[in-house]
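Participant: My questions will all concern the structure given below.
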Amino acid sequence: MRYLALIYGDEKAGANATPEEQKQTMDAYTAFGKEAADAGVTQGGEALEPTSTATTVRVRNGEVLTTDGPFAETKEQLGGYYLFDCKDLDQAIEFAAKIPGAAHGSVEVRPIWEFPAEA
């Protein structure tokens, strides 16, 4: 079953990190990525640009409305994700707990809704 692991953290804390702290974080993510790939569970993953680069899109009465930034102010921001293919939720949680961001932020694990193939 496929699961999306959404990584949330305080992007201001990351922006204020020293070069040494940034390197430690990148090294931890590189090690995690290798472990998850070696286990065969990773199907993808990306880091996201800061929320200041986001554009929120809504359609109301047929009109496209855009606003700069995220939809809502939050203490933690979505910073990236991994797409896992795991045998069950327990295995997805096991890998999500190893994502470096889980140590100072949170990782939301959600099953992918698999739609049946059309005949």
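Labels used: A, B, ... for chains in the order of the structure tokens, numbers from 1 for residues in each chain, and numbers from 1 for ligands as shown.
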Env of region 16-29 of chain A: 10 Å cut, atoms = only C-alpha atoms, seq-sep filter 6 positions within chain, self excluded. Answer as a list in words.
Facilitator: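 In the requested form, the answer reads Glu35, Lys98, Ile99, Pro100 and Gly101 of chain A.
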Participant: Output N, CA and C atoms for every residue in that selection, as a compact mmCIF listing (two decimals), in the first residue's frame.
Facilitator:
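See part02.txt below for the written result:
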# COMPACT_ATOMS: atom_id res chain seq x y z
N GLU A 35 18.64 4.66 3.22
CA GLU A 35 18.05 3.54 3.96
C GLU A 35 16.69 3.16 3.39
N LYS A 98 11.76 7.67 11.12
CA LYS A 98 13.19 7.81 10.83
C LYS A 98 13.49 9.07 10.01
N ILE A 99 12.47 9.75 9.51
CA ILE A 99 12.69 10.98 8.77
C ILE A 99 13.26 12.01 9.74
N PRO A 100 14.38 12.63 9.41
CA PRO A 100 15.00 13.56 10.36
C PRO A 100 14.07 14.65 10.88
N GLY A 101 13.16 15.14 10.08
CA GLY A 101 12.24 16.20 10.51
C GLY A 101 11.31 15.78 11.62
Participant: Using DSSP on the backbone coordinates, identify the residues of chain A assigned to helix (DSSP H, G or I); present them as a PyMOL selection string.
Facilitator: chain A and resi 11-15+19-38+51-53+89-96+100-103
Participant: Those same residues, written as a compact mmCIF listing (two decimals), in the first residue's frame with N, CA, C and O atoms?
Facilitator:
# COMPACT_ATOMS: atom_id res chain seq x y z
N GLU A 11 9.99 26.42 9.46
CA GLU A 11 10.96 26.81 8.43
C GLU A 11 11.84 27.97 8.87
O GLU A 11 12.95 28.13 8.37
N LYS A 12 11.39 28.78 9.83
CA LYS A 12 12.24 29.87 10.34
C LYS A 12 13.45 29.30 11.08
O LYS A 12 14.55 29.83 10.99
N ALA A 13 13.24 28.22 11.82
CA ALA A 13 14.35 27.59 12.54
C ALA A 13 15.38 27.07 11.55
O ALA A 13 16.59 27.22 11.75
N GLY A 14 14.92 26.48 10.46
CA GLY A 14 15.84 25.99 9.43
C GLY A 14 16.59 27.12 8.76
O GLY A 14 17.79 27.00 8.45
N ALA A 15 15.92 28.23 8.52
CA ALA A 15 16.56 29.37 7.87
C ALA A 15 17.62 30.00 8.77
O ALA A 15 18.58 30.59 8.27
N PRO A 19 25.64 26.99 9.05
CA PRO A 19 26.05 26.10 7.96
C PRO A 19 26.34 24.67 8.44
O PRO A 19 25.99 23.70 7.76
N GLU A 20 26.93 24.55 9.63
CA GLU A 20 27.21 23.22 10.17
C GLU A 20 25.90 22.47 10.48
O GLU A 20 25.77 21.29 10.18
N GLU A 21 24.93 23.17 11.06
CA GLU A 21 23.63 22.55 11.35
C GLU A 21 22.92 22.17 10.06
O GLU A 21 22.29 21.10 9.98
N GLN A 22 23.00 23.02 9.04
CA GLN A 22 22.38 22.70 7.75
C GLN A 22 23.01 21.45 7.14
O GLN A 22 22.32 20.60 6.59
N LYS A 23 24.34 21.35 7.24
CA LYS A 23 25.03 20.17 6.71
C LYS A 23 24.62 18.91 7.47
O LYS A 23 24.37 17.87 6.86
N GLN A 24 24.52 19.01 8.79
CA GLN A 24 24.08 17.85 9.59
C GLN A 24 22.69 17.40 9.15
O GLN A 24 22.43 16.21 9.03
N THR A 25 21.80 18.36 8.93
CA THR A 25 20.44 18.04 8.51
C THR A 25 20.46 17.36 7.14
O THR A 25 19.80 16.33 6.94
N MET A 26 21.22 17.92 6.20
CA MET A 26 21.28 17.33 4.86
C MET A 26 21.89 15.94 4.90
O MET A 26 21.41 15.03 4.21
N ASP A 27 22.92 15.76 5.72
CA ASP A 27 23.53 14.43 5.86
C ASP A 27 22.53 13.43 6.42
O ASP A 27 22.48 12.27 5.98
N ALA A 28 21.73 13.86 7.39
CA ALA A 28 20.71 12.97 7.98
C ALA A 28 19.66 12.59 6.94
O ALA A 28 19.25 11.42 6.86
N TYR A 29 19.23 13.55 6.13
CA TYR A 29 18.25 13.24 5.08
C TYR A 29 18.86 12.33 4.00
O TYR A 29 18.18 11.43 3.50
N THR A 30 20.12 12.54 3.67
CA THR A 30 20.78 11.68 2.69
C THR A 30 20.85 10.25 3.21
O THR A 30 20.54 9.29 2.48
N ALA A 31 21.21 10.09 4.47
CA ALA A 31 21.28 8.75 5.08
C ALA A 31 19.91 8.10 5.12
O ALA A 31 19.76 6.91 4.81
N PHE A 32 18.88 8.88 5.51
CA PHE A 32 17.53 8.32 5.54
C PHE A 32 17.10 7.91 4.13
O PHE A 32 16.53 6.82 3.94
N GLY A 33 17.33 8.78 3.15
CA GLY A 33 16.94 8.46 1.77
C GLY A 33 17.58 7.18 1.28
O GLY A 33 16.92 6.36 0.62
N LYS A 34 18.85 6.98 1.62
CA LYS A 34 19.53 5.74 1.22
C LYS A 34 18.91 4.53 1.92
O LYS A 34 18.67 3.50 1.28
N GLU A 35 18.64 4.66 3.22
CA GLU A 35 18.05 3.54 3.96
C GLU A 35 16.69 3.16 3.39
O GLU A 35 16.40 1.98 3.17
N ALA A 36 15.86 4.16 3.13
CA ALA A 36 14.51 3.89 2.60
C ALA A 36 14.58 3.32 1.19
O ALA A 36 13.82 2.42 0.84
N ALA A 37 15.52 3.82 0.39
CA ALA A 37 15.68 3.29 -0.98
C ALA A 37 16.19 1.86 -0.94
O ALA A 37 15.70 0.99 -1.67
N ASP A 38 17.18 1.60 -0.06
CA ASP A 38 17.71 0.24 0.06
C ASP A 38 16.65 -0.75 0.52
O ASP A 38 16.68 -1.92 0.15
N THR A 51 7.35 28.66 2.40
CA THR A 51 5.95 29.06 2.18
C THR A 51 5.84 30.45 1.57
O THR A 51 4.83 30.76 0.94
N SER A 52 6.87 31.27 1.71
CA SER A 52 6.83 32.61 1.11
C SER A 52 6.78 32.55 -0.42
O SER A 52 6.40 33.52 -1.07
N THR A 53 7.11 31.39 -0.99
CA THR A 53 7.07 31.23 -2.44
C THR A 53 5.75 30.62 -2.92
O THR A 53 5.53 30.48 -4.12
N LEU A 89 0.44 0.06 7.41
CA LEU A 89 0.62 1.32 8.11
C LEU A 89 1.77 1.25 9.12
O LEU A 89 2.52 2.22 9.27
N ASP A 90 1.92 0.13 9.78
CA ASP A 90 3.00 0.00 10.76
C ASP A 90 4.37 0.22 10.13
O ASP A 90 5.22 0.91 10.69
N GLN A 91 4.59 -0.34 8.94
CA GLN A 91 5.87 -0.15 8.27
C GLN A 91 6.02 1.31 7.82
O GLN A 91 7.11 1.88 7.92
N ALA A 92 4.93 1.92 7.36
CA ALA A 92 4.99 3.33 6.95
C ALA A 92 5.35 4.21 8.15
O ALA A 92 6.16 5.14 8.03
N ILE A 93 4.78 3.93 9.30
CA ILE A 93 5.09 4.68 10.52
C ILE A 93 6.55 4.45 10.93
O ILE A 93 7.25 5.39 11.34
N GLU A 94 7.02 3.23 10.79
CA GLU A 94 8.42 2.92 11.12
C GLU A 94 9.36 3.80 10.30
O GLU A 94 10.32 4.37 10.84
N PHE A 95 9.10 3.93 9.01
CA PHE A 95 9.97 4.76 8.17
C PHE A 95 9.73 6.25 8.42
O PHE A 95 10.67 7.04 8.42
N ALA A 96 8.50 6.65 8.64
CA ALA A 96 8.21 8.06 8.92
C ALA A 96 8.94 8.52 10.18
O ALA A 96 9.43 9.65 10.24
N PRO A 100 14.38 12.63 9.41
CA PRO A 100 15.00 13.56 10.36
C PRO A 100 14.07 14.65 10.88
O PRO A 100 14.15 15.04 12.05
N GLY A 101 13.16 15.14 10.08
CA GLY A 101 12.24 16.20 10.51
C GLY A 101 11.31 15.78 11.62
O GLY A 101 10.76 16.63 12.33
N ALA A 102 11.11 14.49 11.81
CA ALA A 102 10.22 14.02 12.87
C ALA A 102 10.79 14.33 14.25
O ALA A 102 10.05 14.41 15.22
N ALA A 103 12.11 14.55 14.34
CA ALA A 103 12.76 14.81 15.62
C ALA A 103 12.48 16.22 16.14
O ALA A 103 12.58 16.46 17.34
Participant: Based on the backbone DSSP call, show me all residues of region 5-119 of chain A assigned strand (DSSP E), as a count of residues only.
Facilitator: 38
Participant: Pick from A:Leu83, A:Gly62, A:Gln43, A:Gly105: nearest to Asp10 (chain A), with only C-alpha atoms counted?
Facilitator: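 Looking only at the distances to Asp10 (chain A), the closest residue turns out to be A:Gly105.
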Participant: Taking into account only C-alpha atoms, which residue in the set A:Gly44, A:Leu6, A:Ala54, A:Lys87 is nearest to Gly69 (chain A)?
Facilitator: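 The answer is A:Ala54, which sits nearest to Gly69 (chain A).
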